[in-house]
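Novice: Sharing coords-v6.cif below, mmCIF, C-alpha atoms:
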data_upload
#
loop_
_atom_site.label_atom_id
_atom_site.label_comp_id
_atom_site.auth_asym_id
_atom_site.auth_seq_id
_atom_site.Cartn_x
_atom_site.Cartn_y
_atom_site.Cartn_z
CA MET N 728 -27.17 2.43 19.41
CA LYS N 729 -23.81 3.94 18.58
CA ASN N 730 -21.88 5.05 21.58
CA PRO N 731 -18.79 7.01 20.65
CA ASP N 732 -17.77 7.68 24.21
CA PRO N 733 -19.01 5.20 26.81
CA GLY N 734 -17.32 7.21 29.56
CA THR N 735 -19.35 10.35 29.10
CA ARG N 736 -22.51 8.43 28.22
CA GLN N 737 -22.39 6.73 31.58
CA GLY N 738 -22.30 10.19 33.11
CA LEU N 739 -26.04 10.43 32.49
CA HIS N 740 -26.70 7.45 34.76
CA MET N 741 -29.54 6.60 32.45
CA ASP N 742 -30.30 3.19 33.89
CA ARG N 743 -31.70 4.90 36.92
CA ALA N 744 -32.82 8.09 35.20
CA SER N 745 -35.95 9.40 36.82
CA SER N 746 -39.11 9.93 34.82
CA SER N 747 -38.59 13.67 35.21
CA THR N 748 -35.19 13.42 33.48
CA VAL N 749 -36.81 11.63 30.56
CA ALA N 750 -39.59 14.23 30.47
CA ARG N 751 -36.97 17.00 30.30
CA LEU N 752 -35.11 15.23 27.48
CA SER N 753 -38.45 15.00 25.61
CA SER N 754 -38.94 18.69 26.16
CA TYR N 755 -35.42 19.61 24.93
CA LEU N 756 -36.03 17.39 21.91
CA ARG N 757 -39.25 19.23 21.00
CA LEU N 758 -37.50 22.58 21.14
CA LEU N 759 -34.49 21.33 19.13
CA ARG N 760 -36.81 20.00 16.38
CA GLU N 761 -38.52 23.36 16.22
CA LEU N 762 -35.18 25.21 16.01
CA GLU N 763 -33.96 22.82 13.32
CA ALA N 764 -37.13 23.44 11.30
CA HIS N 765 -36.23 27.14 11.43
CA ASN N 766 -32.62 26.42 10.32
CA ILE N 767 -31.16 27.54 13.64
CA GLU N 768 -27.80 25.81 14.07
CA THR N 769 -26.72 26.42 17.66
CA ILE N 770 -28.31 27.11 21.03
CA SER N 771 -26.79 28.06 24.38
CA SER N 772 -27.66 26.08 27.49
CA SER N 773 -29.15 29.22 29.07
CA HIS N 774 -31.45 29.78 26.07
CA LEU N 775 -32.40 26.08 26.06
CA ALA N 776 -33.20 26.43 29.77
CA GLU N 777 -35.31 29.53 29.26
CA ARG N 778 -37.32 28.02 26.41
CA THR N 779 -38.05 24.77 28.30
CA ALA N 780 -38.69 26.35 31.72
CA VAL N 781 -35.88 24.39 33.36
CA THR N 782 -33.10 25.94 35.47
CA PRO N 783 -29.84 26.51 33.54
CA ALA N 784 -28.00 24.35 36.12
CA GLN N 785 -30.39 21.46 35.46
CA VAL N 786 -29.96 21.76 31.68
CA ARG N 787 -26.17 21.72 32.02
CA LYS N 788 -26.40 18.71 34.34
CA ASP N 789 -28.74 16.82 31.99
CA LEU N 790 -26.55 17.56 28.97
CA SER N 791 -23.17 17.20 30.67
CA SER N 792 -22.57 13.95 28.79
CA PHE N 793 -23.04 15.79 25.48
CA GLY N 794 -20.01 17.96 26.21
CA ASN N 795 -18.52 17.19 22.85
CA PHE N 796 -21.44 18.97 21.18
CA GLY N 797 -21.40 22.07 23.36
CA ARG N 798 -18.48 24.49 23.61
CA ARG N 799 -18.25 27.38 26.04
CA GLY N 800 -19.45 30.48 24.24
CA LEU N 801 -20.59 28.56 21.16
CA GLY N 802 -23.48 26.58 22.60
CA TYR N 803 -24.81 23.24 21.36
CA ASN N 804 -25.06 22.10 17.77
CA VAL N 805 -28.84 21.82 17.37
CA ARG N 806 -28.93 18.97 14.86
CA ARG N 807 -26.36 16.78 16.61
CA LEU N 808 -27.91 17.33 20.05
CA ARG N 809 -31.34 16.47 18.61
CA GLN N 810 -29.97 13.26 17.09
CA GLU N 811 -28.17 12.29 20.29
CA ILE N 812 -31.24 12.84 22.50
CA GLY N 813 -33.35 10.94 19.95
CA GLU N 814 -30.99 7.98 20.26
CA ILE N 815 -31.03 8.09 24.05
CA LEU N 816 -34.84 8.06 23.95
CA GLY N 817 -34.93 5.14 21.51
CA LEU N 818 -36.49 7.23 18.73
CA THR N 819 -34.11 6.32 15.90
CA ARG N 820 -36.02 3.13 15.07
CA ILE N 821 -39.57 2.02 14.32
CA TRP N 822 -41.36 0.19 17.14
CA ARG N 823 -43.92 -2.54 16.56
CA VAL N 824 -47.07 -1.18 18.19
CA GLY N 825 -50.51 -2.75 18.67
CA LEU N 826 -53.68 -1.13 19.98
CA VAL N 827 -56.10 -3.05 22.17
CA GLY N 828 -59.52 -1.43 22.56
CA ALA N 829 -61.47 -0.10 19.59
CA GLY N 830 -63.81 2.27 21.44
CA ASN N 831 -63.85 6.06 21.13
CA LEU N 832 -60.54 6.47 22.91
CA GLY N 833 -58.95 3.72 20.83
CA HIS N 834 -60.16 5.38 17.66
CA ALA N 835 -58.88 8.77 18.78
CA LEU N 836 -55.47 7.25 19.54
CA PHE N 837 -55.47 5.43 16.20
CA SER N 838 -56.10 8.77 14.46
CA TYR N 839 -53.44 10.57 16.50
CA GLU N 840 -50.76 11.40 13.94
CA GLY N 841 -48.01 11.98 16.48
CA PHE N 842 -47.49 8.25 17.12
CA GLY N 843 -46.77 7.32 13.51
CA ARG N 844 -44.62 10.38 12.90
CA GLN N 845 -42.40 9.59 15.87
CA GLY N 846 -41.71 5.94 15.10
CA PHE N 847 -44.72 4.34 16.80
CA PRO N 848 -47.10 3.45 13.93
CA ILE N 849 -50.02 1.29 15.06
CA GLU N 850 -49.80 -1.96 13.07
CA ALA N 851 -52.87 -3.78 14.38
CA VAL N 852 -56.05 -3.09 16.33
CA PHE N 853 -57.83 -5.62 18.59
CA ASP N 854 -61.14 -5.63 20.40
CA ALA N 855 -63.21 -8.27 22.20
CA ASP N 856 -66.55 -6.91 20.94
CA PRO N 857 -67.80 -8.99 17.96
CA ARG N 858 -69.62 -5.89 16.63
CA LYS N 859 -66.30 -4.10 16.25
CA VAL N 860 -64.26 -7.02 14.92
CA GLY N 861 -63.98 -6.87 11.12
CA THR N 862 -64.77 -3.16 10.80
CA ALA N 863 -62.16 -1.27 8.80
CA TRP N 864 -60.25 1.71 10.19
CA ASN N 865 -58.46 3.60 7.46
CA GLY N 866 -58.07 0.30 5.63
CA MET N 867 -57.01 -1.68 8.71
CA GLN N 868 -59.38 -4.39 9.97
CA VAL N 869 -60.12 -4.58 13.69
CA GLN N 870 -59.16 -8.08 14.83
CA SER N 871 -60.65 -10.22 17.59
CA PHE N 872 -58.60 -10.07 20.77
CA GLU N 873 -58.88 -13.87 20.88
CA GLU N 874 -56.52 -13.82 17.89
CA PHE N 875 -53.92 -11.76 19.73
CA PRO N 876 -51.60 -14.62 20.85
CA ARG N 877 -51.61 -16.12 17.35
CA VAL N 878 -50.93 -12.78 15.61
CA ALA N 879 -48.23 -11.89 18.16
CA ARG N 880 -46.53 -15.26 17.72
CA ARG N 881 -46.07 -14.49 14.03
CA SER N 882 -44.73 -10.97 14.69
CA PRO N 883 -44.51 -9.85 18.33
CA PHE N 884 -45.66 -6.41 19.47
CA GLU N 885 -43.03 -4.48 21.39
CA ILE N 886 -45.52 -1.92 22.68
CA ILE N 887 -49.25 -2.24 23.34
CA ILE N 888 -51.48 0.80 23.70
CA LEU N 889 -54.20 -0.18 26.15
CA ALA N 890 -57.55 1.58 25.69
CA VAL N 891 -59.94 -0.91 27.31
CA PRO N 892 -62.33 -0.56 30.29
CA GLY N 893 -60.58 -0.69 33.68
CA GLU N 894 -62.24 -3.96 34.73
CA VAL N 895 -60.71 -6.01 31.90
CA ALA N 896 -57.35 -4.22 31.74
CA GLN N 897 -55.38 -6.64 33.93
CA GLN N 898 -56.65 -9.68 32.04
CA VAL N 899 -55.69 -8.09 28.69
CA VAL N 900 -52.25 -7.18 30.03
CA ASP N 901 -51.66 -10.73 31.25
CA THR N 902 -52.34 -11.99 27.72
CA VAL N 903 -50.15 -9.43 25.93
CA VAL N 904 -47.26 -9.87 28.38
CA ALA N 905 -47.49 -13.66 27.97
CA SER N 906 -47.18 -13.05 24.22
CA GLY N 907 -43.89 -11.22 24.67
CA THR N 908 -44.83 -7.52 24.84
CA ARG N 909 -42.52 -5.56 27.15
CA GLY N 910 -44.02 -2.07 26.93
CA ILE N 911 -47.56 -0.93 27.85
CA LEU N 912 -48.96 2.55 27.32
CA ASN N 913 -51.93 2.43 29.66
CA PHE N 914 -55.02 4.58 29.18
CA ALA N 915 -57.25 2.26 31.21
CA PRO N 916 -58.22 3.51 34.68
CA ALA N 917 -56.51 0.60 36.46
CA LYS N 918 -53.25 -0.04 38.30
CA LEU N 919 -51.58 -2.85 36.37
CA GLN N 920 -49.47 -5.66 37.79
CA VAL N 921 -46.66 -6.72 35.45
CA PRO N 922 -43.57 -8.90 35.86
CA SER N 923 -40.20 -7.14 36.18
CA GLY N 924 -38.75 -6.35 32.78
CA VAL N 925 -42.09 -5.00 31.54
CA ALA N 926 -42.45 -1.20 31.45
CA VAL N 927 -45.82 0.48 32.00
CA ARG N 928 -46.52 4.17 31.48
CA GLU N 929 -49.82 5.56 32.68
CA VAL N 930 -51.51 8.43 30.92
CA ASP N 931 -53.51 10.20 33.59
CA LEU N 932 -55.43 13.05 32.02
CA SER N 933 -56.38 14.44 35.43
CA ILE N 934 -52.80 15.47 36.17
CA ALA N 935 -52.80 18.08 33.40
CA MET N 936 -56.18 19.26 34.67
CA GLU N 937 -54.82 19.59 38.23
CA SER N 938 -51.93 21.66 36.96
CA LEU N 939 -54.48 23.93 35.27
CA SER N 940 -56.69 24.29 38.34
CA PHE N 941 -53.57 25.04 40.36
CA ALA N 942 -52.62 27.84 37.96
CA LEU N 943 -56.18 29.26 37.98
CA SER N 944 -56.34 29.16 41.78
CA ARG N 945 -53.46 31.62 42.19
CA MET L 653 -58.78 28.92 50.40
CA LYS L 654 -58.25 28.79 54.15
CA ASN L 655 -54.79 29.72 55.19
CA PRO L 656 -54.12 29.02 58.87
CA ASP L 657 -50.47 30.01 58.66
CA PRO L 658 -49.53 32.42 55.88
CA GLY L 659 -45.89 32.32 56.92
CA THR L 660 -45.35 28.62 56.30
CA ARG L 661 -47.64 28.59 53.26
CA GLN L 662 -45.43 31.14 51.60
CA GLY L 663 -42.57 28.73 52.15
CA LEU L 664 -43.83 26.74 49.17
CA HIS L 665 -43.29 29.71 46.84
CA MET L 666 -46.27 28.48 44.91
CA ASP L 667 -46.60 31.48 42.63
CA ARG L 668 -43.46 30.35 40.87
CA ALA L 669 -43.87 26.63 41.50
CA SER L 670 -42.53 24.68 38.58
CA SER L 671 -44.70 22.26 36.67
CA SER L 672 -42.64 19.43 38.16
CA THR L 673 -43.58 20.56 41.69
CA VAL L 674 -47.25 20.48 40.72
CA ALA L 675 -46.77 17.04 39.12
CA ARG L 676 -45.21 15.77 42.36
CA LEU L 677 -48.07 17.18 44.44
CA SER L 678 -50.49 15.36 42.09
CA SER L 679 -48.54 12.20 42.64
CA TYR L 680 -48.52 12.55 46.46
CA LEU L 681 -52.25 13.23 46.29
CA ARG L 682 -52.92 9.99 44.36
CA LEU L 683 -51.01 7.96 46.92
CA LEU L 684 -52.71 9.69 49.88
CA ARG L 685 -56.15 8.98 48.40
CA GLU L 686 -55.22 5.32 48.02
CA LEU L 687 -53.93 5.13 51.61
CA GLU L 688 -57.07 6.84 52.88
CA ALA L 689 -59.24 4.32 51.03
CA HIS L 690 -57.36 1.62 52.96
CA ASN L 691 -57.90 3.44 56.29
CA ILE L 692 -54.20 4.16 56.74
CA GLU L 693 -53.88 7.19 59.00
CA THR L 694 -50.23 8.25 58.87
CA ILE L 695 -47.28 8.03 56.46
CA SER L 696 -43.61 8.91 56.91
CA SER L 697 -41.88 11.19 54.42
CA SER L 698 -39.47 8.37 53.52
CA HIS L 699 -42.35 5.99 52.74
CA LEU L 700 -44.13 8.71 50.76
CA ALA L 701 -40.87 9.22 48.84
CA GLU L 702 -40.43 5.54 48.12
CA ARG L 703 -44.01 5.07 46.91
CA THR L 704 -43.89 8.09 44.59
CA ALA L 705 -40.33 7.55 43.28
CA VAL L 706 -39.15 10.93 44.57
CA THR L 707 -36.07 11.46 46.74
CA PRO L 708 -36.86 11.79 50.48
CA ALA L 709 -35.12 15.19 50.50
CA GLN L 710 -37.42 16.42 47.73
CA VAL L 711 -40.54 15.18 49.56
CA ARG L 712 -39.48 16.94 52.76
CA LYS L 713 -38.77 20.11 50.78
CA ASP L 714 -42.14 19.98 48.97
CA LEU L 715 -44.03 19.34 52.19
CA SER L 716 -42.00 21.63 54.45
CA SER L 717 -44.88 24.06 54.64
CA PHE L 718 -47.12 21.27 55.99
CA GLY L 719 -44.94 20.96 59.07
CA ASN L 720 -47.94 21.21 61.34
CA PHE L 721 -49.25 17.92 59.91
CA GLY L 722 -46.00 15.98 60.15
CA ARG L 723 -44.15 15.28 63.39
CA ARG L 724 -40.73 13.70 63.65
CA GLY L 725 -41.19 9.97 64.19
CA LEU L 726 -44.96 10.15 63.68
CA GLY L 727 -45.14 11.03 59.98
CA TYR L 728 -47.91 12.90 58.23
CA ASN L 729 -51.61 12.65 58.92
CA VAL L 730 -52.89 11.15 55.63
CA ARG L 731 -56.33 12.75 55.57
CA ARG L 732 -55.17 16.25 56.52
CA LEU L 733 -52.24 16.18 54.10
CA ARG L 734 -54.57 14.99 51.32
CA GLN L 735 -57.00 17.83 52.07
CA GLU L 736 -54.22 20.40 52.20
CA ILE L 737 -52.67 19.31 48.88
CA GLY L 738 -56.15 19.22 47.34
CA GLU L 739 -56.64 22.85 48.40
CA ILE L 740 -53.26 23.91 47.03
CA LEU L 741 -54.16 22.30 43.69
CA GLY L 742 -57.57 23.97 43.57
CA LEU L 743 -59.47 20.69 43.84
CA THR L 744 -61.85 21.58 46.65
CA ARG L 745 -64.31 23.22 44.28
CA ILE L 746 -66.19 22.42 41.07
CA TRP L 747 -64.84 24.08 37.93
CA ARG L 748 -67.03 25.13 35.00
CA VAL L 749 -65.70 23.13 32.08
CA GLY L 750 -66.66 23.14 28.41
CA LEU L 751 -65.48 20.82 25.65
CA VAL L 752 -64.86 22.09 22.11
CA GLY L 753 -64.55 19.35 19.49
CA ALA L 754 -67.03 16.48 19.24
CA GLY L 755 -64.88 14.04 17.27
CA ASN L 756 -63.55 10.71 18.52
CA LEU L 757 -61.11 12.31 20.93
CA GLY L 758 -63.78 14.69 22.20
CA HIS L 759 -66.13 11.78 22.79
CA ALA L 760 -63.44 9.79 24.58
CA LEU L 761 -62.69 12.76 26.84
CA PHE L 762 -66.41 13.30 27.47
CA SER L 763 -66.66 9.65 28.59
CA TYR L 764 -63.53 9.88 30.77
CA GLU L 765 -64.89 9.54 34.31
CA GLY L 766 -61.82 11.02 35.99
CA PHE L 767 -62.75 14.59 35.06
CA GLY L 768 -66.17 14.57 36.70
CA ARG L 769 -64.96 12.71 39.77
CA GLN L 770 -62.21 15.25 40.40
CA GLY L 771 -64.28 18.41 40.14
CA PHE L 772 -64.09 19.01 36.38
CA PRO L 773 -67.48 17.88 35.04
CA ILE L 774 -68.02 18.81 31.39
CA GLU L 775 -71.10 21.05 31.27
CA ALA L 776 -71.37 21.69 27.54
CA VAL L 777 -70.02 20.35 24.25
CA PHE L 778 -69.46 22.44 21.11
CA ASP L 779 -68.57 21.60 17.51
CA ALA L 780 -68.54 23.50 14.23
CA ASP L 781 -69.77 20.52 12.17
CA PRO L 782 -73.55 20.83 11.47
CA ARG L 783 -73.79 17.00 11.34
CA LYS L 784 -72.67 16.79 14.95
CA VAL L 785 -74.64 19.75 16.30
CA GLY L 786 -77.87 18.56 17.95
CA THR L 787 -76.73 14.97 18.54
CA ALA L 788 -77.15 13.87 22.16
CA TRP L 789 -74.25 12.58 24.26
CA ASN L 790 -75.50 10.90 27.40
CA GLY L 791 -78.44 13.31 27.38
CA MET L 792 -76.33 16.39 26.57
CA GLN L 793 -76.85 18.07 23.19
CA VAL L 794 -73.81 19.06 21.15
CA GLN L 795 -74.11 22.81 20.50
CA SER L 796 -72.89 24.83 17.54
CA PHE L 797 -69.59 26.56 18.24
CA GLU L 798 -71.17 29.70 16.76
CA GLU L 799 -73.27 29.74 19.92
CA PHE L 800 -70.24 29.66 22.22
CA PRO L 801 -69.99 33.43 22.94
CA ARG L 802 -73.72 33.62 23.72
CA VAL L 803 -73.67 30.54 26.01
CA ALA L 804 -70.48 31.72 27.73
CA ARG L 805 -71.95 35.17 28.34
CA ARG L 806 -74.78 33.56 30.31
CA SER L 807 -72.43 31.35 32.34
CA PRO L 808 -68.70 31.64 31.57
CA PHE L 809 -66.48 28.57 31.23
CA GLU L 810 -63.42 28.64 33.47
CA ILE L 811 -61.72 25.80 31.60
CA ILE L 812 -62.06 24.68 27.99
CA ILE L 813 -60.92 21.25 26.84
CA LEU L 814 -59.73 21.69 23.27
CA ALA L 815 -60.11 18.63 21.03
CA VAL L 816 -60.23 20.21 17.59
CA PRO L 817 -57.95 19.81 14.52
CA GLY L 818 -54.66 21.70 14.79
CA GLU L 819 -55.45 24.10 11.95
CA VAL L 820 -58.50 25.62 13.66
CA ALA L 821 -57.18 25.50 17.25
CA GLN L 822 -55.87 29.07 17.43
CA GLN L 823 -59.09 30.50 16.04
CA VAL L 824 -61.16 28.55 18.59
CA VAL L 825 -58.88 29.65 21.41
CA ASP L 826 -59.18 33.30 20.40
CA THR L 827 -62.97 33.00 20.66
CA VAL L 828 -63.02 31.21 24.02
CA VAL L 829 -60.44 33.57 25.54
CA ALA L 830 -62.44 36.58 24.31
CA SER L 831 -65.43 35.02 26.12
CA GLY L 832 -63.57 35.01 29.43
CA THR L 833 -62.04 31.52 29.69
CA ARG L 834 -58.70 31.55 31.50
CA GLY L 835 -57.75 27.86 31.36
CA ILE L 836 -57.17 25.68 28.27
CA LEU L 837 -56.46 21.95 28.32
CA ASN L 838 -55.06 21.51 24.82
CA PHE L 839 -55.22 18.21 22.95
CA ALA L 840 -54.88 19.86 19.54
CA PRO L 841 -51.50 19.46 17.83
CA ALA L 842 -50.81 23.21 17.80
CA LYS L 843 -48.78 25.71 19.81
CA LEU L 844 -51.33 28.21 21.09
CA GLN L 845 -50.83 31.93 21.55
CA VAL L 846 -52.74 33.31 24.53
CA PRO L 847 -52.65 36.61 26.42
CA SER L 848 -50.91 36.66 29.81
CA GLY L 849 -53.28 35.55 32.56
CA VAL L 850 -54.51 32.60 30.49
CA ALA L 851 -53.06 29.19 31.39
CA VAL L 852 -52.56 26.50 28.75
CA ARG L 853 -51.61 22.89 29.48
CA GLU L 854 -50.64 20.68 26.57
CA VAL L 855 -51.38 16.97 26.62
CA ASP L 856 -48.72 15.43 24.41
CA LEU L 857 -49.29 11.71 24.18
CA SER L 858 -45.91 11.19 22.53
CA ILE L 859 -44.06 12.07 25.74
CA ALA L 860 -45.38 8.98 27.54
CA MET L 861 -44.47 6.94 24.47
CA GLU L 862 -40.93 8.33 24.49
CA SER L 863 -40.55 7.41 28.13
CA LEU L 864 -41.60 3.88 27.19
CA SER L 865 -39.21 3.60 24.25
CA PHE L 866 -36.45 4.93 26.51
CA ALA L 867 -37.16 2.18 29.06
CA LEU L 868 -37.30 -0.52 26.38
CA SER L 869 -34.03 0.69 24.81
CA ARG L 870 -32.03 -0.11 27.96
#
Mind turning the file's structure into structure tokens?

Specialist:
Amino acid sequence: MKNPDPGTRQGLHMDRASSSTVARLSSYLRLLRELEAHNIETISSSHLAERTAVTPAQVRKDLSSFGNFGRRGLGYNVRRLRQEIGEILGLTRIWRVGLVGAGNLGHALFSYEGFGRQGFPIEAVFDADPRKVGTAWNGMQVQSFEEFPRVARRSPFEIIILAVPGEVAQQVVDTVVASGTRGILNFAPAKLQVPSGVAVREVDLSIAMESLSFALSR
Amino acid sequence: MKNPDPGTRQGLHMDRASSSTVARLSSYLRLLRELEAHNIETISSSHLAERTAVTPAQVRKDLSSFGNFGRRGLGYNVRRLRQEIGEILGLTRIWRVGLVGAGNLGHALFSYEGFGRQGFPIEAVFDADPRKVGTAWNGMQVQSFEEFPRVARRSPFEIIILAVPGEVAQQVVDTVVASGTRGILNFAPAKLQVPSGVAVREVDLSIAMESLSFALSR
């Protein structure tokens, strides 16, 4: 990752950035992409704040290390800010991603175009069920999970999307972590134990639902 | 919703609560449920902060209106705090939920046990594809989306889970909103236009992936 100004970059304190900071960066990034698609070249921090439902003070704090892209009265250069946030989020490269679990959820995730578009194309699919192994998904054969260590030895997976039943999730994670994977996107209803140095992100669909029921209860 | 002390309740300013406040309440709630399952009766705000990766000051601010449940040196009563947060989030009732879209994602969401357990059981499934209409999912027949207005007139859906292709999403939403639905959980890759008074929550799977790539880029 290029780092033209280590001094200001450190200002973000990214090593201990909270998950909410990362979520806000994701949200700025989405807006910047949309603006870029409409050929809009600059945006003020107050407009960025308004469009992402964040306070202007928080936006300025989050982007303080991008000072060289924003000038008082001129706002931020949309394209450069988008590139810079993309680099911070690790989106300027292609990640090696595997999917474990070829059930309905696995298939839905496999078909989800957003992953491939954003640098997370699924390169292999594994399942333990012999009835699923060998079936072709869009030209890609589902492989037996028994083969995982061998396949990963040849070309390791950086990220595994986990779409297996909760009761086998830990066992699957132990195998993929032993094979060198350091990132898990977990859809299984299970709290996973992983060694330090391995990152797990849970996708809990109920949280979005709770936010909805909260809004409807007002 | 019972409201023993309107003065302190207003302290939360819930009508303009940000989505991050609601996300933190969801996160406290998950921890409290876990503690309750382990028969733990009280928790300090600092411990609650540590376990949910929130600053202690933020926890105290979020829970300031629950002062009657927390006493200096004694901490919060787990069960009462869990009940109170559940009420704030609208989780003490059953919501009428319909699913539109009977593809792989729709089926995965239908099978997701978390919704039913938390008061969001899916009561009906709709699809526009004649090959899917009439098929039975766990004893529930997929209905034609053409029937939606008629079915909703008989018993309106408060929340619709949207799992349709992006290009038909807006059209589907227009129909469900016209039928009285005020909450949309959107899995379709589309920005939806809705009248004021209708709440939409997007589930963007890429955001969790970006958080992972950020962590792995360190």

Novice: Would you mind reading off the distance between CA of Arg853 in chain L and CA of Ala935 in chain N, one decimal, in Å?

Specialist: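 These atoms are spaced 6.3 Å apart.
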
Novice: Tell me as a PyMOL selection string which residues belonging to chain N come within 8 Å of chain L, counting all atoms listed in the file.

Specialist: chain N and resi 742+746-747+749-750+753+815-818+831-832+834-836+841-842+845+909-912+926-930+932-945

Novice: Could you tell me how far CA of Gln870 in chain N lies from CA of Pro848 in chain N, in Å and to one decimal?

Specialist: 16.7 Å

Novice: Hey, what's within 9 Å of range 898-900 of chain N if we count all atoms listed in the file and toss same-chain stuff fewer than 2 positions away? As a list in words, please?

Specialist: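 What passes the distance filter is Val827, Phe872, Ile887, Leu889, Val891, Glu894, Val895, Ala896, Thr902, Val903, Val904, Ala905, Ile911, Leu919, Gln920 and Val921 of chain N.
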
Novice: Can I get the selection written as a PDB file, keeping the file's coordinate frame, with C-alpha atoms?

Specialist:
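Final output, again-v1.pdb:
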ATOM      1  CA  VAL N 827     -56.100  -3.050  22.170  1.00  0.00           C
ATOM      2  CA  PHE N 872     -58.600 -10.070  20.770  1.00  0.00           C
ATOM      3  CA  ILE N 887     -49.250  -2.240  23.340  1.00  0.00           C
ATOM      4  CA  LEU N 889     -54.200  -0.180  26.150  1.00  0.00           C
ATOM      5  CA  VAL N 891     -59.940  -0.910  27.310  1.00  0.00           C
ATOM      6  CA  GLU N 894     -62.240  -3.960  34.730  1.00  0.00           C
ATOM      7  CA  VAL N 895     -60.710  -6.010  31.900  1.00  0.00           C
ATOM      8  CA  ALA N 896     -57.350  -4.220  31.740  1.00  0.00           C
ATOM      9  CA  THR N 902     -52.340 -11.990  27.720  1.00  0.00           C
ATOM     10  CA  VAL N 903     -50.150  -9.430  25.930  1.00  0.00           C
ATOM     11  CA  VAL N 904     -47.260  -9.870  28.380  1.00  0.00           C
ATOM     12  CA  ALA N 905     -47.490 -13.660  27.970  1.00  0.00           C
ATOM     13  CA  ILE N 911     -47.560  -0.930  27.850  1.00  0.00           C
ATOM     14  CA  LEU N 919     -51.580  -2.850  36.370  1.00  0.00           C
ATOM     15  CA  GLN N 920     -49.470  -5.660  37.790  1.00  0.00           C
ATOM     16  CA  VAL N 921     -46.660  -6.720  35.450  1.00  0.00           C
TER      17      VAL N 921
END

Novice: Let me know the residues the PyMOL selection byres ((chain N and resi 759-776) around 12) catches in the file above, as a ChimeraX atom specification.

Specialist: /N:751-758,777-791,793-794,796-813,845 /L:843

Novice: If the PyMOL selection byres ((chain N and resi 875) around 10) were run on this exact file, what residues would it hold? Put them as a list in words.

Specialist: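 On the file shown, the PyMOL selection byres ((chain N and resi 875) around 10) covers Gly825, Val827, Ala851, Val852, Phe853, Asp854, Gln870, Ser871, Phe872, Glu873, Glu874, Pro876, Arg877, Val878, Ala879, Arg880, Pro883, Phe884, Val899, Thr902, Val903 and Ser906 of chain N.
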
Novice: Could you work out how far CA of Pro892 in chain N lies from CA of Ser923 in chain N, giving the answer in Å with one decimal?

Specialist: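 Interatomic distance, CA of Ser923 in chain N to CA of Pro892 in chain N: 23.8 Å.
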
Novice: May I ask which of the residues L:Ala842, L:Ala780, L:Ile774, L:Met792 is the closest one to Ala754 in chain L, counting all atoms listed in the file?

Specialist: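 Comparing L:Ala842, L:Ala780, L:Ile774, L:Met792 against Ala754 in chain L, the winner is L:Ala780.
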
Novice: Kindly provide, as JSON, the centre and edge lengths (Å, one decimal) of an axis-aligned box around all atoms of range 821-827 of chain L given in the file, with 6 Å on each side.

Specialist:
{"center_x": -59.4, "center_y": 29.4, "center_z": 18.7, "size_x": 19.1, "size_y": 19.8, "size_z": 17.4}
